[in-house]
$ cat model01.txt   # compact mmCIF, C-alpha atoms
# COMPACT_ATOMS: atom_id res chain seq x y z
CA MET C 1 70.03 -23.88 -10.66
CA VAL C 2 68.21 -20.75 -11.61
CA SER C 3 70.43 -17.73 -12.16
CA ILE C 4 69.99 -14.49 -10.22
CA GLY C 5 68.94 -12.77 -13.44
CA ALA C 6 66.28 -15.41 -14.08
CA ARG C 7 65.01 -15.09 -10.51
CA LYS C 8 64.75 -11.31 -10.94
CA LYS C 9 62.91 -11.82 -14.21
CA ASN C 10 60.52 -14.34 -12.65
CA SER C 11 60.05 -12.09 -9.65
CA SER C 12 59.28 -9.21 -11.96
CA LEU C 13 56.80 -11.31 -13.90
CA GLY C 14 55.14 -12.46 -10.66
CA PHE C 15 54.82 -8.87 -9.48
CA CYS C 16 53.24 -7.87 -12.80
CA THR C 17 50.87 -10.82 -12.64
CA LYS C 18 49.80 -9.85 -9.15
CA ARG C 19 49.23 -6.28 -10.28
CA VAL C 20 47.07 -7.52 -13.16
CA VAL C 21 45.07 -9.72 -10.77
CA VAL C 22 44.60 -6.80 -8.37
CA ILE C 23 43.55 -4.46 -11.20
CA VAL C 24 41.12 -7.03 -12.66
CA SER C 25 39.68 -7.68 -9.22
CA ALA C 26 39.28 -3.98 -8.63
CA LEU C 27 37.54 -3.55 -11.96
CA ALA C 28 35.24 -6.46 -11.21
CA LEU C 29 34.34 -4.99 -7.83
CA LEU C 30 33.75 -1.61 -9.48
CA ALA C 31 31.46 -3.22 -12.04
CA LEU C 32 29.55 -5.03 -9.31
CA GLY C 33 29.34 -1.79 -7.38
CA LEU C 34 27.93 0.02 -10.39
CA GLN C 35 25.41 -2.75 -10.96
CA ALA C 36 24.43 -2.67 -7.31
CA SER C 37 24.16 1.10 -7.42
CA SER C 38 21.98 0.86 -10.51
CA LEU C 39 19.83 -1.78 -8.84
CA ILE C 40 19.48 0.34 -5.70
CA ARG C 41 18.46 3.36 -7.76
CA SER C 42 15.94 1.23 -9.63
CA LEU C 43 14.49 -0.14 -6.41
CA GLU C 44 14.41 3.32 -4.85
CA HIS C 45 12.53 4.69 -7.88
CA ASP C 46 10.02 1.85 -7.70
CA LEU C 47 9.50 2.38 -3.99
CA LEU C 48 9.10 6.12 -4.41
CA GLN C 49 6.59 5.48 -7.17
CA HIS C 50 4.60 3.09 -5.05
CA SER C 51 5.03 2.04 -1.44
CA PHE C 52 6.45 5.31 -0.09
CA GLU C 53 3.60 7.22 -1.65
CA LYS C 54 0.60 5.07 -0.87
CA PRO C 55 -1.41 5.83 2.24
CA MET C 56 -3.27 2.52 2.05
CA ASN C 57 -6.60 1.90 0.34
CA ALA C 58 -8.30 4.93 1.79
CA THR C 59 -11.11 5.37 -0.70
CA LEU C 60 -12.15 2.38 -2.73
CA SER C 61 -15.78 1.46 -3.20
CA GLY C 62 -18.23 0.56 -0.43
CA ALA C 63 -16.86 -1.84 2.13
CA ALA C 64 -18.45 -2.79 5.43
CA VAL C 65 -16.45 -1.36 8.33
CA LEU C 66 -17.37 -0.65 11.93
CA THR C 67 -16.65 2.95 12.87
CA GLU C 68 -15.51 4.58 16.08
CA THR C 69 -14.82 8.12 15.07
CA ASN C 70 -13.07 11.08 16.61
CA GLN C 71 -15.58 13.91 17.14
CA ILE C 72 -18.05 12.32 14.70
CA GLY C 73 -20.30 9.81 16.36
CA THR C 74 -21.71 6.80 14.56
CA ASN C 75 -21.68 3.06 15.15
CA ASP C 76 -23.58 2.07 12.04
CA ARG C 77 -22.32 -0.83 9.98
CA ILE C 78 -23.15 -0.37 6.31
CA VAL C 79 -22.43 -2.14 3.07
CA GLY C 80 -22.17 -0.36 -0.26
CA THR C 81 -24.99 -0.94 -2.70
CA GLY C 82 -25.32 -0.95 -6.46
CA SER C 83 -22.67 -1.54 -9.11
CA ASP C 84 -19.90 0.06 -7.06
CA ALA C 85 -20.35 -2.29 -4.07
CA MET C 86 -17.82 -4.96 -3.13
CA SER C 87 -18.53 -8.44 -1.84
CA GLU C 88 -16.90 -9.66 1.38
CA ASP C 89 -14.45 -11.78 -0.64
CA GLN C 90 -13.57 -8.82 -2.85
CA LYS C 91 -12.98 -6.64 0.18
CA GLU C 92 -10.72 -9.24 1.79
CA ASN C 93 -8.78 -9.76 -1.45
CA TRP C 94 -8.36 -6.01 -1.82
CA LYS C 95 -7.17 -5.61 1.77
CA GLN C 96 -4.57 -8.37 1.30
CA LYS C 97 -3.39 -6.70 -1.89
CA MET C 98 -3.09 -3.35 -0.15
CA ASP C 99 -1.28 -4.80 2.86
CA ALA C 100 1.64 -5.60 0.57
CA TRP C 101 1.99 -1.90 -0.26
CA VAL C 102 1.77 -0.42 3.21
CA TYR C 103 4.92 1.43 4.19
CA GLU C 104 5.60 3.04 7.55
CA PRO C 105 9.01 4.80 7.57
CA LYS C 106 11.13 4.56 10.71
CA ASN C 107 12.48 8.07 10.29
CA VAL C 108 9.41 10.21 9.63
CA ASN C 109 11.31 13.51 9.49
CA TYR C 110 13.74 12.16 6.89
CA PHE C 111 10.84 10.71 4.92
CA TRP C 112 9.12 14.09 4.73
CA LYS C 113 12.31 15.95 3.83
CA LYS C 114 13.78 13.63 1.19
CA MET C 115 11.44 10.97 -0.18
CA GLY C 116 9.68 11.30 -3.53
CA ASP C 117 7.34 14.28 -3.64
CA ARG C 118 7.20 14.65 0.15
CA PRO C 119 9.30 17.86 0.17
CA PHE C 120 6.65 19.45 -2.08
CA GLN C 121 3.84 18.09 0.11
CA ARG C 122 5.59 19.50 3.17
CA GLU C 123 5.54 22.91 1.51
CA PHE C 124 1.91 22.43 0.45
CA TYR C 125 0.60 21.53 3.91
CA SER C 126 2.52 24.43 5.44
CA ARG C 127 0.51 26.87 3.28
CA LEU C 128 -2.88 25.61 4.42
CA GLY C 129 -2.89 27.30 7.81
CA LYS C 130 -2.29 30.66 6.15
CA GLY C 131 -4.95 30.39 3.44
CA ASN C 132 -8.73 30.67 3.29
CA PHE C 133 -9.45 27.12 4.43
CA ASN C 134 -11.42 26.41 7.58
CA ARG C 135 -12.05 22.68 7.32
CA LEU C 136 -9.89 20.18 5.42
CA LEU C 137 -10.31 16.49 4.61
CA ASP C 138 -7.22 14.41 3.88
CA VAL C 139 -7.93 11.14 2.05
CA GLY C 140 -5.80 8.35 3.46
CA ALA C 141 -4.14 8.16 6.87
CA ARG C 142 -0.97 6.34 7.87
CA SER C 143 1.24 6.95 10.88
CA TYR C 144 3.56 9.22 8.91
CA ASN C 145 0.61 11.55 8.21
CA LYS C 146 0.65 12.63 11.85
CA LEU C 147 3.01 15.39 10.75
CA CYS C 148 0.36 17.00 8.51
CA LYS C 149 -1.57 18.74 11.27
CA ASP C 150 1.67 20.15 12.70
CA LEU C 151 2.65 21.43 9.27
CA ILE C 152 -0.70 23.19 8.92
CA ASN C 153 0.01 24.75 12.32
CA SER C 154 -3.27 26.58 12.82
CA THR C 155 -5.80 26.58 15.63
CA SER C 156 -8.49 27.93 13.30
CA VAL C 157 -8.24 25.14 10.69
CA GLU C 158 -9.98 21.81 11.35
CA TYR C 159 -8.06 18.88 9.88
CA PHE C 160 -10.04 15.69 9.18
CA GLN C 161 -8.85 12.38 7.73
CA MET C 162 -10.59 9.59 5.84
CA GLU C 163 -9.30 6.03 6.30
CA PRO C 164 -11.21 2.71 6.46
CA ASN C 165 -8.16 0.63 7.47
CA LEU C 166 -6.36 2.28 10.35
CA PRO C 167 -2.61 1.93 10.96
CA PRO C 168 -1.39 -0.63 13.56
CA ASP C 169 -1.43 2.04 16.26
CA PRO C 170 -4.40 4.36 15.63
CA SER C 171 -3.12 6.68 18.35
CA ASP C 172 -0.43 7.70 15.85
CA LEU C 173 -3.10 9.63 13.93
CA LYS C 174 -3.33 13.32 14.65
CA ASN C 175 -6.50 15.02 13.48
CA ASP C 176 -9.64 16.88 14.51
CA GLY C 177 -11.95 14.19 13.16
CA LEU C 178 -11.83 10.82 11.41
CA LEU C 179 -14.16 9.45 8.74
CA GLU C 180 -13.56 5.73 9.00
CA CYS C 181 -14.95 4.76 5.61
CA TYR C 182 -14.29 4.54 1.89
CA MET C 183 -15.01 7.55 -0.27
CA ASN C 184 -17.79 5.76 -2.13
CA GLU C 185 -19.77 5.12 1.06
CA VAL C 186 -19.33 8.45 2.81
CA ARG C 187 -22.79 9.77 1.93
CA GLU C 188 -24.50 6.82 3.56
CA LYS C 189 -22.19 6.64 6.53
CA TYR C 190 -21.78 10.32 7.34
CA PRO C 191 -24.82 12.13 5.90
CA ASP C 192 -24.11 15.13 8.12
CA GLN C 193 -20.84 15.81 6.28
CA VAL C 194 -22.51 17.12 3.10
CA SER C 195 -20.94 20.38 1.87
CA ASN C 196 -18.68 20.45 4.91
CA PHE C 197 -15.12 20.89 3.57
CA ASP C 198 -13.27 23.74 1.91
CA LEU C 199 -10.50 21.46 0.65
CA ILE C 200 -10.14 17.74 -0.02
CA ILE C 201 -6.53 16.56 -0.25
CA ASP C 202 -6.28 13.40 -2.33
CA PHE C 203 -2.58 12.57 -2.60
CA GLY C 204 -1.94 8.94 -3.52
CA VAL C 205 -5.40 7.35 -3.65
CA PHE C 206 -7.67 8.17 -6.61
CA GLY C 207 -4.61 9.04 -8.72
CA TRP C 208 -2.84 5.74 -8.08
CA LYS C 209 -2.81 3.10 -10.80
CA LEU C 210 -3.48 0.19 -8.46
CA VAL C 211 -6.71 1.84 -7.33
CA GLN C 212 -7.78 2.69 -10.87
CA ASN C 213 -7.12 -0.90 -11.93
CA GLU C 214 -9.86 -1.95 -9.49
CA PHE C 215 -12.32 0.71 -10.61
CA ASN C 216 -14.98 0.51 -13.28
CA ASP C 217 -16.88 3.52 -14.62
CA ALA C 218 -19.52 3.24 -11.89
CA LYS C 219 -16.91 3.27 -9.13
CA VAL C 220 -15.09 6.22 -10.68
CA LYS C 221 -18.36 8.16 -10.90
CA GLY C 222 -19.29 7.22 -7.34
CA TYR C 223 -15.94 8.48 -6.09
CA VAL C 224 -16.12 11.77 -8.00
CA ASP C 225 -19.73 12.33 -6.92
CA SER C 226 -18.75 11.76 -3.29
CA VAL C 227 -15.92 14.29 -3.49
CA LYS C 228 -18.31 16.86 -4.95
CA TRP C 229 -20.91 16.02 -2.27
CA LEU C 230 -18.38 16.67 0.53
CA LEU C 231 -17.12 20.00 -0.82
CA ARG C 232 -18.61 23.35 0.03
CA ASP C 233 -19.47 25.84 -2.67
CA LYS C 234 -16.21 26.97 -4.29
CA GLY C 235 -14.35 24.20 -2.46
CA CYS C 236 -11.25 22.59 -3.96
CA TRP C 237 -10.24 19.00 -4.70
CA ALA C 238 -6.43 18.73 -4.69
CA LEU C 239 -5.52 15.58 -6.63
CA LYS C 240 -2.11 14.00 -7.01
CA THR C 241 -1.55 11.54 -9.88
CA ASP C 242 1.30 9.11 -10.43
CA LYS C 243 2.86 8.59 -13.82
CA GLY C 244 0.88 5.96 -15.75
CA TRP C 245 -2.10 5.97 -13.37
CA VAL C 246 -4.47 5.80 -16.37
CA PRO C 247 -3.67 5.10 -20.03
CA ASN C 248 -4.70 8.58 -21.20
CA GLU C 249 -4.98 11.27 -18.55
CA GLY C 250 -6.58 13.88 -20.81
CA GLU C 251 -9.32 11.53 -21.94
CA PHE C 252 -9.92 10.41 -18.36
CA PHE C 253 -10.33 13.98 -17.14
CA ASP C 254 -12.65 14.84 -20.04
CA LYS C 255 -14.85 11.83 -19.37
CA HIS C 256 -14.91 11.52 -15.60
CA ILE C 257 -13.94 14.80 -13.89
CA LEU C 258 -14.35 17.89 -16.07
CA PRO C 259 -18.11 17.39 -16.57
CA TYR C 260 -18.46 18.03 -12.82
CA PHE C 261 -15.40 20.14 -11.91
CA THR C 262 -13.41 23.00 -13.40
CA MET C 263 -9.63 22.71 -13.40
CA LYS C 264 -8.02 25.72 -11.74
CA ASP C 265 -4.96 27.08 -9.96
CA PHE C 266 -4.47 26.72 -6.23
CA ASP C 267 -4.42 29.39 -3.52
CA ASN C 268 -4.23 32.54 -5.62
CA HIS C 269 -1.93 31.03 -8.28
CA ALA C 270 0.53 29.52 -5.79
CA TYR C 271 0.44 26.32 -7.88
CA GLU C 272 -0.94 25.67 -11.34
CA SER C 273 -2.84 22.51 -12.21
CA GLY C 274 -0.41 20.02 -13.70
CA HIS C 275 2.36 21.05 -11.29
CA SER C 276 5.01 18.41 -11.93
CA ILE C 277 7.47 16.80 -9.50
CA LYS C 278 10.39 14.43 -10.11
CA GLY C 279 10.41 14.72 -13.89
CA GLY C 280 6.69 14.14 -14.25
CA ASN C 281 6.48 11.10 -11.99
CA PHE C 282 4.01 13.00 -9.81
CA LYS C 283 1.55 15.70 -10.89
CA PHE C 284 -0.83 17.84 -8.88
CA TYR C 285 -4.18 19.09 -10.16
CA PHE C 286 -6.76 21.36 -8.55
CA PHE C 287 -10.50 21.20 -9.29

$ encode --input "model01.txt" --output "structure tokens"
Amino acid sequence: MVSIGARKKNSSLGFCTKRVVVIVSALALLALGLQASSLIRSLEHDLLQHSFEKPMNATLSGAAVLTETNQIGTNDRIVGTGSDAMSEDQKENWKQKMDAWVYEPKNVNYFWKKMGDRPFQREFYSRLGKGNFNRLLDVGARSYNKLCKDLINSTSVEYFQMEPNLPPDPSDLKNDGLLECYMNEVREKYPDQVSNFDLIIDFGVFGWKLVQNEFNDAKVKGYVDSVKWLLRDKGCWALKTDKGWVPNEGEFFDKHILPYFTMKDFDNHAYESGHSIKGGNFKFYFF
């Protein structure tokens, strides 16, 4: 027979053991929670660096696409020529690669208010209707870009987009004109657009590492030449770059951009070139 004292002692030991088990379990759950939180933050950072910020392959080198444009009429099918052209297999491989990066947020308003550098872009687009810009070209068009024209909020500013691979529902796009082509083929496809834009907004295409990985020097030059060809005298190329988009940004600018453009501030010193967002993950330059 176990004495009352022994039962109390055993009961006390059992209670302590249970407390230890509960505390250990709680600590384990906390550790798992911290790991999960860390994983979520890591995934969020990766998404913000990539899929949230990529408006599809809006400007790679010459691909053959059939165009039905808004306010710009052409039904010509063309294929890029020279060293910056892509074969049909290359174009299909590139499209499949890009499809994996397409992101269409369900809550567009939240996306523009909270995600990555979108709060800065929201501020940027809101300035454009009040500045000295009459005709704008935005490189890349996804469904979430339909907010851009509303942010500009001006009846005197014409807002165009460039996108060779339209979103699932093209009616989601909101613009005054669509160039359905890659940047490197725009001169052949839309010859009437020479010197036609005050501002080219290039946020998430040329300055994205995945695009640069597919470029050689000829394609880079073709892209830069096309931007210059589209701009009016004293026009501006607003370029966003992601961290690590090229191995050495300074050398890249010196070799490929600064021989043809001058780096400057934007809209009467509203933003300086090199404007940094999210600890340097995104930078904005103006040429």

$ closest_residue --input "model01.txt" --among "C:Lys221, C:Val186, C:Lys209, C:Leu231" --to "C:Arg135" --atoms "all atoms listed in the file"
C:Leu231

$ atom_distance --input "model01.txt" --atom1 "atom CA of C:Gly235" --atom2 "atom CA of C:Leu199"
5.7 Å

$ closest_residue --input "model01.txt" --among "C:Val224, C:Ala218, C:Leu210, C:Leu239" --to "C:Asp138" --atoms "all atoms listed in the file"
C:Leu239

$ residues_around --input "model01.txt" --residues "C:Asn134" --least-positions-apart "6" --cutoff "10 Å" --atoms "all atoms listed in the file" --output "list of chain:residue names"
C:Leu128, C:Ser154, C:Thr155, C:Ser156, C:Val157, C:Glu158, C:Tyr159, C:Asn196, C:Phe197, C:Asp198, C:Leu199

$ axis_aligned_box --input "model01.txt" --around "stretch 234-244 of chain C" --padding-each-side "5 Å" --output "lines of an AutoDock Vina configuration file"
center_x = -6.7
center_y = 16.5
center_z = -9.1
size_x = 29.1
size_y = 31.0
size_z = 23.3

$ closest_residue --input "model01.txt" --among "C:Trp237, C:Tyr125, C:Phe133, C:Phe266" --to "C:Ile201" --atoms "all atoms listed in the file"
C:Trp237

$ closest_residue --input "model01.txt" --among "C:Asp233, C:Tyr271, C:His256, C:Thr262" --to "C:Glu123" --atoms "all atoms listed in the file"
C:Tyr271

$ closest_residue --input "model01.txt" --among "C:Ile277, C:Phe252, C:Ser195, C:Arg122" --to "C:Asp217" --atoms "all atoms listed in the file"
C:Phe252

$ atom_distance --input "model01.txt" --atom1 "atom CA of C:Lys278" --atom2 "atom CA of C:Phe120"
10.2 Å

$ closest_residue --input "model01.txt" --among "C:Asp150, C:Asp202, C:Asp242, C:Glu249" --to "C:Gly129" --atoms "only C-alpha atoms"
C:Asp150

$ atom_distance --input "model01.txt" --atom1 "atom CA of C:Trp245" --atom2 "atom CA of C:Gly207"
6.1 Å

$ residues_around --input "model01.txt" --residues "C:Phe261" --least-positions-apart "6" --cutoff "10 Å" --atoms "all atoms listed in the file" --output "ChimeraX atom specification"
/C:224,228,236-237,253,286-287

$ write_last_selection --input "model01.txt" --atoms "C-alpha atoms" --output "mmCIF file, in the frame of the given file"
data_model
loop_
_atom_site.group_PDB
_atom_site.id
_atom_site.type_symbol
_atom_site.label_atom_id
_atom_site.label_comp_id
_atom_site.auth_asym_id
_atom_site.auth_seq_id
_atom_site.Cartn_x
_atom_site.Cartn_y
_atom_site.Cartn_z
ATOM 1 C CA VAL C 224 -16.120 11.770 -8.000
ATOM 2 C CA LYS C 228 -18.310 16.860 -4.950
ATOM 3 C CA CYS C 236 -11.250 22.590 -3.960
ATOM 4 C CA TRP C 237 -10.240 19.000 -4.700
ATOM 5 C CA PHE C 253 -10.330 13.980 -17.140
ATOM 6 C CA PHE C 286 -6.760 21.360 -8.550
ATOM 7 C CA PHE C 287 -10.500 21.200 -9.290
#

$ residues_near_point --input "model01.txt" --point "(-6.6, 14.1, -0.6)" --cutoff "10 Å" --atoms "only C-alpha atoms" --output "JSON, numbers by chain"
{"C": [58, 59, 136, 137, 138, 139, 140, 141, 161, 162, 199, 200, 201, 202, 203, 204, 205, 206, 207, 227, 237, 238, 239, 240]}

$ build_atoms --input "model01.txt" --residues "stretch 156-167 of chain C" --atoms "all heavy atoms" --output "CSV table (one decimal), in the frame of the given file"
chain,number,residue,atom,x,y,z
C,156,SER,N,-7.2,27.6,13.9
C,156,SER,CA,-8.5,27.9,13.3
C,156,SER,C,-8.9,27.0,12.2
C,156,SER,O,-10.0,27.1,11.6
C,156,SER,CB,-8.4,29.4,12.8
C,156,SER,OG,-7.5,29.5,11.8
C,157,VAL,N,-8.0,26.1,11.8
C,157,VAL,CA,-8.2,25.1,10.7
C,157,VAL,C,-8.5,23.8,11.3
C,157,VAL,O,-7.7,23.2,12.1
C,157,VAL,CB,-7.0,25.1,9.7
C,157,VAL,CG1,-7.3,24.0,8.7
C,157,VAL,CG2,-6.8,26.4,9.0
C,158,GLU,N,-9.6,23.2,10.9
C,158,GLU,CA,-10.0,21.8,11.4
C,158,GLU,C,-9.5,20.8,10.3
C,158,GLU,O,-9.8,20.9,9.1
C,158,GLU,CB,-11.5,21.7,11.5
C,158,GLU,CG,-12.0,22.4,12.7
C,158,GLU,CD,-13.5,22.1,12.9
C,158,GLU,OE1,-14.3,22.7,12.1
C,158,GLU,OE2,-13.9,21.4,13.8
C,159,TYR,N,-8.7,19.9,10.8
C,159,TYR,CA,-8.1,18.9,9.9
C,159,TYR,C,-8.7,17.5,10.1
C,159,TYR,O,-8.5,16.9,11.2
C,159,TYR,CB,-6.6,18.9,10.1
C,159,TYR,CG,-5.8,17.8,9.4
C,159,TYR,CD1,-5.6,17.9,8.0
C,159,TYR,CD2,-5.3,16.7,10.0
C,159,TYR,CE1,-4.9,16.9,7.3
C,159,TYR,CE2,-4.6,15.7,9.3
C,159,TYR,CZ,-4.4,15.8,7.9
C,159,TYR,OH,-3.7,14.8,7.2
C,160,PHE,N,-9.4,17.0,9.1
C,160,PHE,CA,-10.0,15.7,9.2
C,160,PHE,C,-9.3,14.7,8.3
C,160,PHE,O,-8.6,15.1,7.3
C,160,PHE,CB,-11.5,15.8,8.7
C,160,PHE,CG,-12.4,16.4,9.8
C,160,PHE,CD1,-12.3,17.7,10.1
C,160,PHE,CD2,-13.4,15.6,10.4
C,160,PHE,CE1,-13.2,18.3,11.1
C,160,PHE,CE2,-14.3,16.1,11.3
C,160,PHE,CZ,-14.2,17.5,11.7
C,161,GLN,N,-9.4,13.4,8.6
C,161,GLN,CA,-8.8,12.4,7.7
C,161,GLN,C,-9.9,11.3,7.4
C,161,GLN,O,-10.9,11.1,8.2
C,161,GLN,CB,-7.7,11.7,8.4
C,161,GLN,CG,-6.5,12.6,8.6
C,161,GLN,CD,-5.4,12.0,9.4
C,161,GLN,OE1,-5.5,11.5,10.5
C,161,GLN,NE2,-4.2,11.9,8.8
C,162,MET,N,-9.7,10.7,6.2
C,162,MET,CA,-10.6,9.6,5.8
C,162,MET,C,-9.7,8.3,5.7
C,162,MET,O,-8.8,8.3,4.9
C,162,MET,CB,-11.3,9.9,4.5
C,162,MET,CG,-12.1,8.7,4.0
C,162,MET,SD,-12.9,9.1,2.4
C,162,MET,CE,-14.2,10.2,2.9
C,163,GLU,N,-10.1,7.3,6.4
C,163,GLU,CA,-9.3,6.0,6.3
C,163,GLU,C,-10.1,4.9,6.8
C,163,GLU,O,-10.5,4.8,8.0
C,163,GLU,CB,-8.0,6.2,7.1
C,163,GLU,CG,-7.2,4.9,7.2
C,163,GLU,CD,-6.8,4.4,5.8
C,163,GLU,OE1,-6.0,5.1,5.1
C,163,GLU,OE2,-7.2,3.3,5.4
C,164,PRO,N,-10.4,3.9,6.0
C,164,PRO,CA,-11.2,2.7,6.5
C,164,PRO,C,-10.4,1.6,7.2
C,164,PRO,O,-10.9,0.8,7.9
C,164,PRO,CB,-11.8,2.2,5.2
C,164,PRO,CG,-10.8,2.5,4.1
C,164,PRO,CD,-10.2,3.8,4.5
C,165,ASN,N,-9.1,1.6,6.9
C,165,ASN,CA,-8.2,0.6,7.5
C,165,ASN,C,-7.1,1.3,8.2
C,165,ASN,O,-6.1,1.8,7.7
C,165,ASN,CB,-7.6,-0.2,6.4
C,165,ASN,CG,-8.6,-1.0,5.6
C,165,ASN,OD1,-9.2,-1.9,6.1
C,165,ASN,ND2,-8.9,-0.6,4.4
C,166,LEU,N,-7.2,1.5,9.5
C,166,LEU,CA,-6.4,2.3,10.4
C,166,LEU,C,-5.0,1.7,10.5
C,166,LEU,O,-4.8,0.4,10.4
C,166,LEU,CB,-7.0,2.5,11.7
C,166,LEU,CG,-8.3,3.2,11.7
C,166,LEU,CD1,-8.8,3.3,13.2
C,166,LEU,CD2,-8.3,4.5,11.0
C,167,PRO,N,-4.0,2.5,10.7
C,167,PRO,CA,-2.6,1.9,11.0
C,167,PRO,C,-2.6,1.1,12.2
C,167,PRO,O,-3.5,1.1,13.0
C,167,PRO,CB,-1.7,3.2,11.1
C,167,PRO,CG,-2.7,4.3,11.5
C,167,PRO,CD,-4.0,3.9,10.8
